[in-house]
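Working notes, beginning with the structure itself.
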Amino acid sequence: VAVLSLYAGKGLAGEQQDPRLDFMVADLVKWFTEKYGKIYGGTECQCILGGHYDLQMERCPEIIISTFDQVKEILIKNGYDLSGMALDD
């Protein structure tokens with residue numbers, strides 16, 4: 001959500017938030033819930049790790065990488081590149 005907000009959120013006082021931001025966040029939450037919520041029975045760390053915090057290095061890096069990849073897909077789908085500029089401006 002923070003990365004989506006970095007690109008599509010309001011930066012300076014005179015700027016306007018991209019009206020698609022809420023939809024982008026909803027897309028990410030839906031994707032994460034479908035992908036990881038179903039596997040682990042929820043999306044919170046407690047559910048993902050099942051109370052076994054020694055599993056962090058096993059589970060979390062893959063989740064972070066795939067979530068970042070999904071964020072990039074959502075940004076591209078909405079006209080952004082990773083330089084922070086809207087492609088459709």
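We label chains A, B, ... in the order they appear in the structure tokens, count residues from 1 in each chain, and number ligands from 1 in the order shown.
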Need to verify the contact set: Thr43 (chain A), 12 Å, only C-alpha atoms, exclusion of same-chain residues closer than 2 positions in sequence. Can you return it as a PDB file with N, CA, C and O atoms, in the first residue's frame?
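Result went into result-v5.pdb, see below:
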ATOM      1  N   VAL A  29      -5.198  -5.675  -2.049  1.00  0.00           N
ATOM      2  CA  VAL A  29      -5.745  -6.385  -0.889  1.00  0.00           C
ATOM      3  C   VAL A  29      -6.479  -7.646  -1.333  1.00  0.00           C
ATOM      4  O   VAL A  29      -6.310  -8.718  -0.737  1.00  0.00           O
ATOM      5  N   LYS A  30      -7.260  -7.534  -2.394  1.00  0.00           N
ATOM      6  CA  LYS A  30      -7.985  -8.700  -2.908  1.00  0.00           C
ATOM      7  C   LYS A  30      -7.008  -9.778  -3.359  1.00  0.00           C
ATOM      8  O   LYS A  30      -7.165 -10.955  -3.017  1.00  0.00           O
ATOM      9  N   TRP A  31      -5.981  -9.389  -4.119  1.00  0.00           N
ATOM     10  CA  TRP A  31      -4.970 -10.340  -4.587  1.00  0.00           C
ATOM     11  C   TRP A  31      -4.280 -11.015  -3.403  1.00  0.00           C
ATOM     12  O   TRP A  31      -4.140 -12.240  -3.374  1.00  0.00           O
ATOM     13  N   PHE A  32      -3.848 -10.236  -2.415  1.00  0.00           N
ATOM     14  CA  PHE A  32      -3.129 -10.780  -1.266  1.00  0.00           C
ATOM     15  C   PHE A  32      -4.014 -11.739  -0.475  1.00  0.00           C
ATOM     16  O   PHE A  32      -3.572 -12.822  -0.071  1.00  0.00           O
ATOM     17  N   THR A  33      -5.253 -11.352  -0.280  1.00  0.00           N
ATOM     18  CA  THR A  33      -6.191 -12.198   0.467  1.00  0.00           C
ATOM     19  C   THR A  33      -6.442 -13.508  -0.269  1.00  0.00           C
ATOM     20  O   THR A  33      -6.451 -14.575   0.350  1.00  0.00           O
ATOM     21  N   GLU A  34      -6.627 -13.433  -1.577  1.00  0.00           N
ATOM     22  CA  GLU A  34      -6.862 -14.651  -2.356  1.00  0.00           C
ATOM     23  C   GLU A  34      -5.624 -15.539  -2.399  1.00  0.00           C
ATOM     24  O   GLU A  34      -5.727 -16.756  -2.317  1.00  0.00           O
ATOM     25  N   LYS A  35      -4.452 -14.938  -2.543  1.00  0.00           N
ATOM     26  CA  LYS A  35      -3.224 -15.716  -2.676  1.00  0.00           C
ATOM     27  C   LYS A  35      -2.754 -16.272  -1.339  1.00  0.00           C
ATOM     28  O   LYS A  35      -2.471 -17.453  -1.222  1.00  0.00           O
ATOM     29  N   TYR A  36      -2.661 -15.423  -0.330  1.00  0.00           N
ATOM     30  CA  TYR A  36      -2.073 -15.860   0.945  1.00  0.00           C
ATOM     31  C   TYR A  36      -3.100 -16.146   2.028  1.00  0.00           C
ATOM     32  O   TYR A  36      -2.877 -16.996   2.880  1.00  0.00           O
ATOM     33  N   GLY A  37      -4.216 -15.447   1.996  1.00  0.00           N
ATOM     34  CA  GLY A  37      -5.253 -15.702   2.996  1.00  0.00           C
ATOM     35  C   GLY A  37      -5.790 -17.118   2.904  1.00  0.00           C
ATOM     36  O   GLY A  37      -6.049 -17.771   3.917  1.00  0.00           O
ATOM     37  N   LYS A  38      -5.932 -17.600   1.686  1.00  0.00           N
ATOM     38  CA  LYS A  38      -6.428 -18.966   1.494  1.00  0.00           C
ATOM     39  C   LYS A  38      -5.397 -20.006   1.944  1.00  0.00           C
ATOM     40  O   LYS A  38      -5.755 -21.042   2.489  1.00  0.00           O
ATOM     41  N   ILE A  39      -4.139 -19.735   1.696  1.00  0.00           N
ATOM     42  CA  ILE A  39      -3.080 -20.683   2.069  1.00  0.00           C
ATOM     43  C   ILE A  39      -2.929 -20.769   3.580  1.00  0.00           C
ATOM     44  O   ILE A  39      -2.823 -21.861   4.145  1.00  0.00           O
ATOM     45  N   TYR A  40      -2.908 -19.606   4.228  1.00  0.00           N
ATOM     46  CA  TYR A  40      -2.567 -19.549   5.650  1.00  0.00           C
ATOM     47  C   TYR A  40      -3.752 -19.283   6.579  1.00  0.00           C
ATOM     48  O   TYR A  40      -3.575 -19.190   7.783  1.00  0.00           O
ATOM     49  N   GLY A  41      -4.942 -19.132   6.031  1.00  0.00           N
ATOM     50  CA  GLY A  41      -6.109 -18.918   6.874  1.00  0.00           C
ATOM     51  C   GLY A  41      -6.262 -17.493   7.369  1.00  0.00           C
ATOM     52  O   GLY A  41      -6.997 -17.232   8.311  1.00  0.00           O
ATOM     53  N   CYS A  45       0.342 -11.523  10.126  1.00  0.00           N
ATOM     54  CA  CYS A  45       1.570 -12.289  10.391  1.00  0.00           C
ATOM     55  C   CYS A  45       1.302 -13.516  11.253  1.00  0.00           C
ATOM     56  O   CYS A  45       1.849 -14.588  10.996  1.00  0.00           O
ATOM     57  N   GLN A  46       0.475 -13.366  12.266  1.00  0.00           N
ATOM     58  CA  GLN A  46       0.168 -14.482  13.165  1.00  0.00           C
ATOM     59  C   GLN A  46      -0.386 -15.670  12.378  1.00  0.00           C
ATOM     60  O   GLN A  46      -0.029 -16.805  12.620  1.00  0.00           O
ATOM     61  N   CYS A  47      -1.259 -15.397  11.416  1.00  0.00           N
ATOM     62  CA  CYS A  47      -1.837 -16.466  10.599  1.00  0.00           C
ATOM     63  C   CYS A  47      -0.807 -17.042   9.639  1.00  0.00           C
ATOM     64  O   CYS A  47      -0.696 -18.262   9.500  1.00  0.00           O
ATOM     65  N   ILE A  48      -0.071 -16.170   8.980  1.00  0.00           N
ATOM     66  CA  ILE A  48       0.906 -16.617   7.989  1.00  0.00           C
ATOM     67  C   ILE A  48       1.988 -17.467   8.638  1.00  0.00           C
ATOM     68  O   ILE A  48       2.419 -18.480   8.081  1.00  0.00           O
ATOM     69  N   LEU A  49       2.406 -17.090   9.832  1.00  0.00           N
ATOM     70  CA  LEU A  49       3.467 -17.834  10.519  1.00  0.00           C
ATOM     71  C   LEU A  49       2.917 -18.897  11.459  1.00  0.00           C
ATOM     72  O   LEU A  49       3.677 -19.711  11.971  1.00  0.00           O
ATOM     73  N   GLY A  50       1.625 -18.887  11.679  1.00  0.00           N
ATOM     74  CA  GLY A  50       1.013 -19.874  12.554  1.00  0.00           C
ATOM     75  C   GLY A  50       1.593 -19.869  13.956  1.00  0.00           C
ATOM     76  O   GLY A  50       1.648 -20.896  14.625  1.00  0.00           O
ATOM     77  N   CYS A  60       8.356 -15.222   4.612  1.00  0.00           N
ATOM     78  CA  CYS A  60       8.210 -13.786   4.355  1.00  0.00           C
ATOM     79  C   CYS A  60       8.942 -13.275   3.111  1.00  0.00           C
ATOM     80  O   CYS A  60       8.358 -12.465   2.380  1.00  0.00           O
ATOM     81  N   ILE A  63       6.840 -13.860   0.064  1.00  0.00           N
ATOM     82  CA  ILE A  63       5.617 -13.055   0.114  1.00  0.00           C
ATOM     83  C   ILE A  63       5.935 -11.605  -0.247  1.00  0.00           C
ATOM     84  O   ILE A  63       5.201 -10.971  -1.019  1.00  0.00           O
TER      85      ILE A  63
END
Enumerate as a PyMOL selection string all residues of chain A assigned to helix (DSSP H, G or I) by DSSP on the backbone, naming them with the chain letters and numbers the document uses. chain A and resi 2-8+21-40+45-49+53-77
Need the shell around Ala8 (chain A): protein/DNA/RNA residues with any atom at most 9 Å away, counting only C-alpha atoms. Skip same-chain ones fewer than 2 positions apart. Format as a PyMOL selection string? chain A and resi 3-6+10-11+17-21+75+80+84+86
Choose the residue, out of A:Tyr7, A:Gly51, A:Glu58, A:Glu44, that has the smallest atom-to-atom separation from Met24 (chain A); count only C-alpha atoms. A:Tyr7
